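Just work_5.cif here, mmCIF, C-alpha atoms:
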data_run
#
loop_
_atom_site.label_atom_id
_atom_site.label_comp_id
_atom_site.auth_asym_id
_atom_site.auth_seq_id
_atom_site.Cartn_x
_atom_site.Cartn_y
_atom_site.Cartn_z
CA MET A 6 0.00 0.00 0.00
CA THR A 7 3.06 2.28 0.14
CA ALA A 8 4.49 1.37 -3.30
CA PRO A 9 6.29 4.44 -4.74
CA GLU A 10 3.80 4.99 -7.56
CA GLN A 11 1.03 5.39 -5.00
CA ARG A 12 2.72 8.50 -3.69
CA VAL A 13 2.54 10.14 -7.11
CA PRO A 14 -0.71 12.15 -7.45
CA LYS A 15 -3.32 10.34 -9.53
CA GLN A 16 -3.35 13.03 -12.22
CA ASP A 17 0.44 12.76 -12.69
CA ARG A 18 0.28 8.97 -12.80
CA SER A 19 -2.32 9.22 -15.51
CA ARG A 20 -0.14 11.63 -17.50
CA ILE A 21 2.92 9.39 -17.09
CA THR A 22 0.97 6.33 -18.25
CA ARG A 23 -0.27 8.28 -21.25
CA GLU A 24 3.20 9.47 -22.25
CA ARG A 25 4.65 5.98 -21.84
CA LEU A 26 2.00 4.62 -24.18
CA LEU A 27 2.65 7.36 -26.75
CA GLY A 28 6.42 6.78 -26.70
CA ALA A 29 6.04 3.01 -26.96
CA SER A 30 3.68 3.46 -29.92
CA ILE A 31 6.29 5.42 -31.89
CA ASP A 32 9.02 2.88 -31.03
CA LEU A 33 6.86 -0.08 -32.04
CA LEU A 34 5.66 1.58 -35.24
CA ALA A 35 9.18 2.57 -36.30
CA THR A 36 10.67 -0.87 -35.66
CA GLN A 37 7.79 -3.33 -36.18
CA GLY A 38 5.33 -1.55 -38.44
CA TRP A 39 1.61 -0.91 -38.43
CA ALA A 40 0.26 -4.46 -38.13
CA ALA A 41 2.36 -5.18 -35.02
CA THR A 42 1.37 -1.93 -33.27
CA THR A 43 -1.86 -2.93 -31.51
CA VAL A 44 -3.09 -1.38 -28.25
CA GLY A 45 -2.21 -4.67 -26.52
CA ALA A 46 1.35 -4.79 -27.89
CA VAL A 47 1.94 -1.12 -27.03
CA ALA A 48 0.58 -1.64 -23.49
CA ALA A 49 2.94 -4.60 -23.01
CA ALA A 50 5.93 -2.64 -24.37
CA ALA A 51 5.09 0.30 -22.09
CA GLY A 52 4.59 -1.91 -19.02
CA VAL A 53 0.98 -0.75 -18.69
CA SER A 54 -2.05 -3.01 -18.28
CA ARG A 55 -4.18 -3.51 -21.34
CA GLY A 56 -7.20 -2.14 -19.46
CA ALA A 57 -5.38 1.06 -18.50
CA ALA A 58 -4.20 1.48 -22.09
CA GLN A 59 -7.73 1.06 -23.40
CA HIS A 60 -9.02 3.53 -20.83
CA HIS A 61 -6.72 6.17 -22.34
CA PHE A 62 -7.03 5.07 -25.98
CA PRO A 63 -10.11 3.00 -26.87
CA THR A 64 -8.85 2.11 -30.38
CA ARG A 65 -5.51 1.66 -32.12
CA GLU A 66 -6.32 4.66 -34.34
CA ASP A 67 -6.85 6.82 -31.23
CA LEU A 68 -3.54 5.70 -29.78
CA ILE A 69 -1.48 6.06 -32.93
CA THR A 70 -2.82 9.44 -34.05
CA ALA A 71 -2.36 10.75 -30.48
CA ALA A 72 1.22 9.42 -30.50
CA LEU A 73 2.06 11.04 -33.84
CA GLY A 74 0.44 14.34 -32.82
CA HIS A 75 2.25 14.38 -29.49
CA MET A 76 5.67 13.62 -30.99
CA ILE A 77 5.25 16.24 -33.69
CA GLU A 78 4.30 18.90 -31.11
CA GLN A 79 7.23 17.92 -28.92
CA ARG A 80 9.71 18.06 -31.80
CA ILE A 81 8.43 21.46 -32.95
CA SER A 82 8.44 22.99 -29.48
CA ASP A 83 11.97 21.64 -28.85
CA VAL A 84 13.18 23.42 -31.99
CA ARG A 85 11.24 26.60 -31.21
CA ARG A 86 12.64 26.67 -27.67
CA GLY A 87 16.19 25.57 -28.34
CA GLY A 88 16.80 26.99 -31.80
CA LEU A 89 18.84 25.12 -34.39
CA ASP A 90 22.39 26.10 -33.44
CA LEU A 91 23.22 27.19 -36.98
CA PRO A 92 26.42 28.59 -38.49
CA GLU A 93 26.62 32.27 -39.54
CA PRO A 94 24.36 33.30 -42.44
CA GLY A 95 25.86 32.06 -45.74
CA PRO A 96 26.14 28.84 -47.76
CA GLU A 97 26.96 26.68 -44.72
CA ARG A 98 23.82 27.86 -42.95
CA THR A 99 21.70 26.74 -45.91
CA VAL A 100 23.43 23.34 -45.80
CA ALA A 101 22.62 23.15 -42.07
CA VAL A 102 18.95 24.09 -42.57
CA VAL A 103 18.48 21.59 -45.41
CA GLY A 104 20.31 19.05 -43.26
CA PHE A 105 17.93 19.75 -40.36
CA ILE A 106 14.88 19.14 -42.57
CA VAL A 107 16.33 15.96 -44.05
CA GLN A 108 17.29 14.72 -40.59
CA HIS A 109 13.71 15.31 -39.49
CA TYR A 110 12.46 13.10 -42.34
CA THR A 111 14.95 10.31 -41.65
CA SER A 112 14.21 10.16 -37.91
CA ASP A 113 12.37 7.41 -36.08
CA LEU A 114 9.38 9.75 -35.94
CA PHE A 115 9.31 9.81 -39.74
CA LYS A 116 9.70 6.03 -39.93
CA ALA A 117 6.74 5.68 -37.55
CA ALA A 118 4.75 8.21 -39.59
CA LEU A 119 5.59 6.36 -42.81
CA HIS A 120 3.92 3.20 -41.51
CA VAL A 121 0.84 5.21 -40.56
CA TRP A 122 0.70 7.05 -43.93
CA THR A 123 1.01 3.78 -45.81
CA ALA A 124 -1.77 2.20 -43.73
CA ALA A 125 -3.83 5.37 -44.28
CA ALA A 126 -3.42 5.01 -48.06
CA SER A 127 -6.03 2.25 -48.02
CA ASP A 128 -8.03 3.49 -44.99
CA PRO A 129 -9.93 6.76 -45.62
CA ALA A 130 -11.00 7.18 -41.96
CA LEU A 131 -7.37 6.96 -40.81
CA ARG A 132 -6.32 9.30 -43.63
CA ASP A 133 -8.76 11.96 -42.41
CA ARG A 134 -7.13 11.84 -38.98
CA VAL A 135 -3.53 11.79 -40.20
CA LEU A 136 -3.69 14.43 -42.91
CA PRO A 137 -4.15 17.44 -40.55
CA LEU A 138 -1.13 16.27 -38.51
CA GLU A 139 1.01 16.05 -41.63
CA ASN A 140 -0.17 19.45 -42.90
CA HIS A 141 0.52 21.04 -39.52
CA MET A 142 4.02 19.52 -39.37
CA SER A 143 4.87 20.65 -42.91
CA ARG A 144 3.73 24.21 -42.19
CA GLU A 145 5.78 24.37 -39.01
CA VAL A 146 8.94 22.92 -40.57
CA LEU A 147 8.59 25.35 -43.47
CA ALA A 148 8.18 28.34 -41.12
CA ILE A 149 11.18 27.27 -39.04
CA ALA A 150 13.33 26.86 -42.16
CA ALA A 151 12.27 30.23 -43.63
CA ALA A 152 13.08 32.01 -40.36
CA ALA A 153 16.43 30.23 -40.06
CA LEU A 154 17.33 31.34 -43.59
CA GLY A 155 16.13 34.89 -42.95
CA ARG A 156 13.61 34.70 -45.78
CA ASP A 157 9.94 35.62 -45.99
CA ALA A 158 7.84 32.44 -46.16
CA GLY A 159 5.12 34.57 -47.77
CA ASP A 160 7.28 35.06 -50.89
CA VAL A 161 6.22 32.60 -53.57
CA ARG A 162 9.76 31.56 -54.58
CA VAL A 163 10.80 31.05 -50.95
CA ARG A 164 7.70 28.95 -50.31
CA ARG A 165 8.24 26.92 -53.48
CA GLY A 166 11.92 26.38 -52.70
CA LEU A 167 11.17 25.22 -49.16
CA GLN A 168 8.22 23.03 -50.21
CA THR A 169 10.57 21.37 -52.69
CA THR A 170 13.04 20.85 -49.84
CA LEU A 171 10.33 19.16 -47.77
CA ASP A 172 9.24 16.91 -50.66
CA LEU A 173 12.87 16.04 -51.38
CA ALA A 174 13.47 15.26 -47.69
CA ARG A 175 10.40 13.01 -47.65
CA GLY A 176 11.79 11.13 -50.66
CA LEU A 177 15.21 10.79 -49.03
CA GLY A 178 13.50 9.51 -45.89
CA LEU A 179 11.68 6.90 -47.91
CA ALA A 180 14.91 5.75 -49.60
CA ASP A 181 16.48 5.47 -46.14
CA VAL A 182 14.05 2.76 -45.01
CA LEU A 183 15.38 0.39 -47.70
CA SER A 184 19.10 0.92 -47.19
CA ASP A 185 21.49 3.19 -45.36
CA ASP A 186 22.32 5.61 -48.13
CA SER A 187 23.53 8.37 -45.82
CA GLU A 188 26.66 9.00 -47.91
CA ARG A 189 24.65 9.62 -51.08
CA ARG A 190 22.14 11.63 -49.04
CA ASP A 191 24.82 14.00 -47.72
CA LYS A 192 25.87 14.75 -51.30
CA ILE A 193 22.27 15.48 -52.30
CA VAL A 194 21.87 17.76 -49.24
CA ARG A 195 24.96 19.80 -50.29
CA PHE A 196 23.89 19.87 -53.93
CA TRP A 197 20.37 20.97 -53.06
CA ALA A 198 21.51 23.57 -50.50
CA GLN A 199 23.73 25.16 -53.16
CA THR A 200 20.89 25.09 -55.68
CA LEU A 201 18.44 26.51 -53.12
CA ASP A 202 20.85 29.36 -52.39
CA GLY A 203 20.71 30.23 -56.07
CA VAL A 204 16.91 30.31 -55.88
CA LEU A 205 16.74 32.33 -52.65
CA VAL A 206 19.25 34.96 -53.71
CA GLU A 207 16.51 36.45 -55.91
CA THR A 208 14.04 36.71 -53.03
CA PRO A 209 13.65 39.47 -50.43
CA GLU A 210 15.46 39.05 -47.14
CA TRP A 211 13.14 38.86 -44.18
CA SER A 212 15.62 39.70 -41.47
CA THR A 213 19.32 40.39 -41.62
CA GLY A 214 19.75 39.65 -37.93
CA ASP A 215 21.10 36.44 -36.50
CA VAL A 216 18.08 34.14 -36.35
CA ALA A 217 20.09 31.02 -35.60
CA ASN A 218 18.90 30.86 -32.04
CA ALA A 219 15.90 33.14 -32.26
CA SER A 220 12.52 31.85 -31.16
CA PHE A 221 10.42 31.39 -34.25
CA MET B 9 -13.79 -31.46 -71.89
CA THR B 10 -13.61 -29.01 -74.79
CA ALA B 11 -13.60 -25.81 -72.68
CA PRO B 12 -11.78 -23.02 -74.58
CA GLU B 13 -8.83 -22.83 -72.22
CA GLN B 14 -8.04 -26.46 -72.96
CA ARG B 15 -7.24 -25.52 -76.54
CA VAL B 16 -4.59 -23.04 -75.39
CA PRO B 17 -1.18 -24.80 -75.22
CA LYS B 18 -0.18 -25.66 -71.67
CA GLN B 19 2.86 -23.37 -71.71
CA ASP B 20 0.76 -20.38 -72.76
CA ARG B 21 -1.85 -21.14 -70.14
CA SER B 22 0.87 -21.21 -67.53
CA ARG B 23 2.22 -17.87 -68.73
CA ILE B 24 -1.27 -16.31 -68.75
CA THR B 25 -1.96 -17.57 -65.21
CA ARG B 26 1.36 -16.13 -64.08
CA GLU B 27 0.71 -12.71 -65.62
CA ARG B 28 -2.80 -12.58 -64.18
CA LEU B 29 -1.39 -13.25 -60.72
CA LEU B 30 1.29 -10.58 -61.13
CA GLY B 31 -1.24 -7.97 -62.30
CA ALA B 32 -3.69 -8.80 -59.51
CA SER B 33 -0.87 -8.50 -56.95
CA ILE B 34 -0.08 -4.94 -58.01
CA ASP B 35 -3.79 -3.99 -58.01
CA LEU B 36 -4.36 -5.47 -54.56
CA LEU B 37 -1.20 -3.94 -53.11
CA ALA B 38 -2.00 -0.48 -54.49
CA THR B 39 -5.59 -0.48 -53.26
CA GLN B 40 -5.61 -2.72 -50.15
CA GLY B 41 -2.03 -2.70 -48.87
CA TRP B 42 0.47 -5.31 -47.80
CA ALA B 43 -1.51 -7.17 -45.13
CA ALA B 44 -4.43 -7.82 -47.51
CA THR B 45 -2.21 -9.05 -50.35
CA THR B 46 -1.87 -12.76 -49.53
CA VAL B 47 -1.37 -15.49 -52.15
CA GLY B 48 -4.95 -16.63 -51.47
CA ALA B 49 -6.45 -13.15 -51.94
CA VAL B 50 -4.42 -12.55 -55.12
CA ALA B 51 -5.47 -15.96 -56.51
CA ALA B 52 -9.14 -15.12 -55.83
CA ALA B 53 -8.80 -11.67 -57.43
CA ALA B 54 -7.09 -13.20 -60.49
CA GLY B 55 -9.68 -16.01 -60.81
CA VAL B 56 -6.97 -18.63 -60.33
CA SER B 57 -7.12 -21.56 -57.91
CA ARG B 58 -5.08 -21.22 -54.76
CA GLY B 59 -3.19 -24.39 -55.66
CA ALA B 60 -2.22 -23.07 -59.09
CA ALA B 61 -1.11 -19.77 -57.53
CA GLN B 62 1.04 -21.57 -54.99
CA HIS B 63 2.54 -23.73 -57.74
CA HIS B 64 3.81 -20.55 -59.42
CA PHE B 65 4.63 -18.62 -56.25
CA PRO B 66 5.17 -20.67 -53.09
CA THR B 67 5.23 -17.64 -50.76
CA ARG B 68 3.76 -14.15 -50.68
CA GLU B 69 7.28 -12.71 -50.88
CA ASP B 70 7.92 -14.72 -54.08
CA LEU B 71 4.69 -13.46 -55.62
CA ILE B 72 5.09 -9.83 -54.65
CA THR B 73 8.75 -9.43 -55.59
CA ALA B 74 8.03 -11.14 -58.93
CA ALA B 75 5.09 -8.78 -59.49
CA LEU B 76 7.15 -5.68 -58.74
CA GLY B 77 10.05 -6.87 -60.88
CA HIS B 78 7.75 -7.74 -63.79
CA MET B 79 5.92 -4.40 -63.70
CA ILE B 80 9.16 -2.43 -63.49
CA GLU B 81 10.60 -4.28 -66.50
CA GLN B 82 7.40 -3.77 -68.46
CA ARG B 83 7.29 -0.06 -67.68
CA ILE B 84 10.94 0.42 -68.64
CA SER B 85 10.67 -1.53 -71.87
CA ASP B 86 7.49 0.38 -72.83
CA VAL B 87 9.38 3.66 -72.45
CA ARG B 88 12.46 2.36 -74.24
CA ARG B 89 10.36 1.09 -77.15
CA GLY B 90 7.86 3.92 -77.42
CA GLY B 91 9.96 6.91 -76.36
CA LEU B 92 8.48 9.70 -74.30
CA ASP B 93 6.87 11.88 -76.99
CA LEU B 94 8.62 15.00 -75.75
CA PRO B 95 8.49 18.61 -76.96
CA GLU B 96 11.49 20.17 -78.76
CA PRO B 97 14.65 20.60 -76.65
CA GLY B 98 14.23 23.60 -74.34
CA PRO B 99 12.53 24.50 -71.02
CA GLU B 100 9.28 22.69 -71.89
CA ARG B 101 11.17 19.48 -72.55
CA THR B 102 12.69 19.64 -69.06
CA VAL B 103 9.19 20.17 -67.61
CA ALA B 104 8.02 17.10 -69.55
CA VAL B 105 10.93 14.92 -68.38
CA VAL B 106 10.49 15.95 -64.73
CA GLY B 107 6.74 15.39 -65.20
CA PHE B 108 7.42 11.88 -66.57
CA ILE B 109 9.53 10.98 -63.54
CA VAL B 110 6.99 12.39 -61.09
CA GLN B 111 4.16 10.60 -62.88
CA HIS B 112 6.11 7.37 -62.54
CA TYR B 113 6.33 7.88 -58.77
CA THR B 114 2.65 8.72 -58.40
CA SER B 115 1.44 5.71 -60.42
CA ASP B 116 -0.29 2.62 -59.05
CA LEU B 117 3.02 0.79 -59.48
CA PHE B 118 4.63 3.25 -57.04
CA LYS B 119 1.71 2.91 -54.61
CA ALA B 120 2.13 -0.86 -54.72
CA ALA B 121 5.89 -0.51 -54.27
CA LEU B 122 5.38 1.86 -51.32
CA HIS B 123 3.45 -0.82 -49.43
CA VAL B 124 6.24 -3.30 -50.11
CA TRP B 125 9.01 -0.85 -49.08
CA THR B 126 7.19 -0.04 -45.87
CA ALA B 127 6.74 -3.72 -45.07
CA ALA B 128 10.42 -4.27 -45.95
CA ALA B 129 11.43 -1.58 -43.45
CA SER B 130 10.83 -4.06 -40.63
CA ASP B 131 11.62 -7.26 -42.59
CA PRO B 132 15.33 -7.59 -43.56
CA ALA B 133 14.75 -10.68 -45.76
CA LEU B 134 12.14 -8.83 -47.82
CA ARG B 135 14.41 -5.77 -47.94
CA ASP B 136 17.20 -7.84 -49.48
CA ARG B 137 14.86 -8.90 -52.27
CA VAL B 138 13.31 -5.48 -52.89
CA LEU B 139 16.43 -3.31 -52.81
CA PRO B 140 17.94 -4.60 -56.11
CA LEU B 141 14.62 -3.96 -57.87
CA GLU B 142 14.52 -0.39 -56.58
CA ASN B 143 18.17 0.24 -57.50
CA HIS B 144 17.61 -1.16 -60.97
CA MET B 145 14.52 1.01 -61.48
CA SER B 146 16.29 4.17 -60.28
CA ARG B 147 19.24 3.55 -62.62
CA GLU B 148 16.96 3.00 -65.60
CA VAL B 149 14.77 6.06 -64.92
CA LEU B 150 17.92 8.16 -64.49
CA ALA B 151 19.39 6.92 -67.79
CA ILE B 152 16.11 7.54 -69.64
CA ALA B 153 15.88 11.07 -68.22
CA ALA B 154 19.52 11.91 -69.05
CA ALA B 155 19.07 10.71 -72.64
CA ALA B 156 15.80 12.62 -73.01
CA LEU B 157 17.53 15.81 -71.83
CA GLY B 158 20.55 15.18 -74.07
CA ARG B 159 22.93 15.16 -71.12
CA ASP B 160 25.70 12.78 -70.09
CA ALA B 161 24.58 10.75 -67.07
CA GLY B 162 28.29 10.23 -66.34
CA ASP B 163 28.70 13.92 -65.51
CA VAL B 164 28.55 14.43 -61.75
CA ARG B 165 26.25 17.47 -61.85
CA VAL B 166 23.86 15.77 -64.27
CA ARG B 167 23.76 12.69 -62.07
CA ARG B 168 23.24 14.74 -58.92
CA GLY B 169 20.50 16.82 -60.55
CA LEU B 170 18.66 13.74 -61.76
CA GLN B 171 19.09 11.84 -58.49
CA THR B 172 17.58 14.85 -56.74
CA THR B 173 14.69 14.71 -59.24
CA LEU B 174 14.12 11.05 -58.38
CA ASP B 175 14.24 11.69 -54.63
CA LEU B 176 11.89 14.65 -55.03
CA ALA B 177 9.51 12.54 -57.15
CA ARG B 178 9.53 9.82 -54.47
CA GLY B 179 8.59 12.44 -51.87
CA LEU B 180 5.81 13.82 -54.06
CA GLY B 181 4.56 10.26 -54.57
CA LEU B 182 4.47 9.74 -50.83
CA ALA B 183 2.50 12.98 -50.28
CA ASP B 184 0.06 11.82 -52.96
CA VAL B 185 -1.05 8.78 -50.95
CA LEU B 186 -2.45 11.04 -48.20
CA SER B 187 -4.30 13.55 -50.36
CA ASP B 188 -4.71 14.54 -53.98
CA ASP B 189 -2.27 17.42 -54.12
CA SER B 190 -1.84 17.35 -57.89
CA GLU B 191 -2.26 21.13 -58.19
CA ARG B 192 0.57 21.84 -55.76
CA ARG B 193 2.61 19.06 -57.37
CA ASP B 194 2.34 20.62 -60.84
CA LYS B 195 3.75 23.87 -59.45
CA ILE B 196 6.67 22.03 -57.84
CA VAL B 197 7.33 20.19 -61.13
CA ARG B 198 7.55 23.52 -63.03
CA PHE B 199 9.64 25.12 -60.31
CA TRP B 200 12.04 22.21 -60.18
CA ALA B 201 12.29 21.88 -63.98
CA GLN B 202 13.29 25.53 -64.19
CA THR B 203 15.83 25.09 -61.38
CA LEU B 204 17.18 21.91 -62.97
CA ASP B 205 17.66 23.74 -66.28
CA GLY B 206 19.85 26.21 -64.42
CA VAL B 207 21.92 23.31 -63.07
CA LEU B 208 22.20 21.48 -66.39
CA VAL B 209 23.18 24.52 -68.45
CA GLU B 210 26.64 24.24 -66.89
CA THR B 211 27.04 20.60 -67.93
CA PRO B 212 28.26 19.16 -71.24
CA GLU B 213 25.64 18.24 -73.81
CA TRP B 214 25.61 14.58 -74.67
CA SER B 215 23.81 14.79 -77.94
CA THR B 216 22.33 17.74 -79.80
CA GLY B 217 20.10 15.49 -81.91
CA ASP B 218 16.42 14.92 -81.28
CA VAL B 219 16.32 12.21 -78.65
CA ALA B 220 12.62 12.60 -77.88
CA ASN B 221 11.71 9.41 -79.62
CA ALA B 222 15.10 7.77 -79.81
CA SER B 223 15.57 4.32 -78.33
CA PHE B 224 17.63 4.73 -75.19
#

Would you kindly transcribe this structure into structure tokens?
Amino acid sequence: MTAPEQRVPKQDRSRITRERLLGASIDLLATQGWAATTVGAVAAAAGVSRGAAQHHFPTREDLITAALGHMIEQRISDVRRGGLDLPEPGPERTVAVVGFIVQHYTSDLFKAALHVWTAAASDPALRDRVLPLENHMSREVLAIAAAALGRDAGDVRVRRGLQTTLDLARGLGLADVLSDDSERRDKIVRFWAQTLDGVLVETPEWSTGDVANASF
Amino acid sequence: MTAPEQRVPKQDRSRITRERLLGASIDLLATQGWAATTVGAVAAAAGVSRGAAQHHFPTREDLITAALGHMIEQRISDVRRGGLDLPEPGPERTVAVVGFIVQHYTSDLFKAALHVWTAAASDPALRDRVLPLENHMSREVLAIAAAALGRDAGDVRVRRGLQTTLDLARGLGLADVLSDDSERRDKIVRFWAQTLDGVLVETPEWSTGDVANASF
């Protein structure tokens, strides 16, 4: 009756259980795929009873969309709080920003999301839940990148250049699930950063200040 | 005893059965996903007995990798035979070539392949079978694109530019499974074609002749 978890307030215990389930969902998705990521399997991986898991998340779709949403929010707020630790404005900064985006799309979060997107391709109800998360994430990544490059995301060429970067990063992330092609990927990142610089040079600068560690 | 199929030579019947199974696999994969694409389900969709299907393809992995390989070969040989029906050399030709690559990665064949890649992400044995198919396809698409643009695929900037196009197309294909974003995609295709032209202008021309309908 005096087990340590009983001294934690009920509300906190509930939050901890929830976060454990969300983290275990992403891990399981990224490593085992959609079919293996059931509420039961996630509960077992998180060391939570199946009943408690189902209390928080009645269906697998509830659990998985909550997990994706939570991880995306966490990632974005980490970047917004901590900044990107970028080099001085110039070609190397563009390489770093493109590298940040590509890293984002080759992370475990992306691998988890890929399994969900692929499942959603043949499941319209799931697609309706996943699409707003993906749109939100893309908008945020694009805004972060524009600010880091000191460019106005409202400018059509800036937006197009950064959208292309996101699409490219998504494609590089997809290639990465089949084989470790990080060497080739680094070359594409440098090539694209150089090309993007050529595109952005014709666009208005948004801020000439150092935005490397600014809050976005 | 005189049913029409009995008049078809045995070897042809076997080939027809095989091709029906391969086609049904791609259809099922693209529309229903990996989990639904079992040998039994494909046999039923193709109107072939389960026994006959298993005679041709003992396991699901055999069937699905054969289907992907067959469709890739067919697609490549269609292009190599028929050419791409491209506009005169110039900016519009680049738009058409980029459009061809992007179309390839938003086709049903890509959607089928996406389900297989995603399944392969957590299945090393499947990955080993799928990776050579993907590498082969990428090399062929890259060679076709270089020839169509009259550029030397051996040149490092040409190769990098076209690899980027393939990665970008893969990313656009992935976005397409979540929502029909063809309008946005068309803008990215034009933007990237224009950017690619800027990259290629610095590279040696491979052939100044009309390669639009040449065999590659």

*Might you spell out which residues the PyMOL selection byres ((chain B and resi 122) around 12) would select in the displayed file, as number ranges by chain?*
A: 119-120, 122-124, 126-127, 176, 179-180, 182-183; B: 34, 37-42, 76, 113-121, 123-129, 138, 142, 178-179, 181-185

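Using all atoms listed in the file, the nearest neighbour of Leu91 (chain A) within the list A:Gly104, A:Gln79, A:Gln168, A:Pro63 is A:Gly104.
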
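Once the PyMOL selection byres ((chain B and resi 67) around 12) is applied to this file, the selection holds Thr45, Thr46, Val47, Gly48, Val50, Arg58, Gly59, Ala61, Gln62, His63, His64, Phe65, Pro66, Arg68, Glu69, Asp70, Leu71, Ile72, Thr73, Ala74 and Leu134 of chain B.
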
*Grab the CA of Gly95 (chain A) to CA of Leu201 (chain A) distance for me, in Å with one decimal place.*
11.8 Å

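Taking only C-alpha atoms, the non-local environment of region 159-167 of chain A within 8 Å (same-chain residues fewer than 5 positions away omitted) comprises Leu147, Ala150, Ala151, Leu201, Val204, Leu205, Thr208 and Pro209 of chain A; Ile196 and Phe199 of chain B.
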
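Rounded to one decimal, CA of Arg135 (chain B) and CA of His78 (chain B) lie 17.3 Å from each other.
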
*Please identify all polymer residues within 10 Å of Ile152 (chain B), counting only C-alpha atoms, omitting same-chain residues fewer than 4 positions from it, and present them as a list in words.*
Ile84, Val87, Arg88, Gly91, Leu92, Val105, Ile109, Ser146, Arg147, Glu148, Ala156, Leu157, Gly158, Ala161, Ser223 and Phe224 of chain B

*Find the residues near Ala54 (chain B): any atom within 6 Å, counting all atoms listed in the file, skip ones fewer than 6 places away on the same chain, and give them as an MDAnalysis selection string.*
chainID B and resid 28:29 32

*Pick the closest to chain A from B:Met79, B:Ala104, B:Leu141, B:Leu180: which is it, counting all atoms listed in the file?*
B:Leu180

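The spacing separating CA of Asp157 (chain A) from CA of Asp205 (chain B) amounts to 24.7 Å.
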
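Distance annotation: of A:Arg23, A:Ser184, A:Arg156, A:Ile77, the residue with the minimal separation from Asp136 (chain B) is A:Ser184; atom set is all atoms listed in the file.
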
Using the file's own x, y and z axes, so that the box edges lie along x, y and z, what centre and edge lengths in Å (one decimal) does a box around every listed atom of region 57-76 of chain A get when 4 Å is added on each side? Give it as lines of an AutoDock Vina configuration file.
center_x = -2.2
center_y = 7.7
center_z = -26.4
size_x = 23.8
size_y = 21.3
size_z = 23.8

_Given all atoms listed in the file as the basis, pick out the residue of B:Asp188, B:His112, B:Leu139, B:Val106 nearest to Thr172 (chain B)._
B:Val106

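Nearest to chain B of all the residues A:Ala57, A:Ala40, A:Ala46, A:Val206 is A:Ala40, based on only C-alpha atoms.
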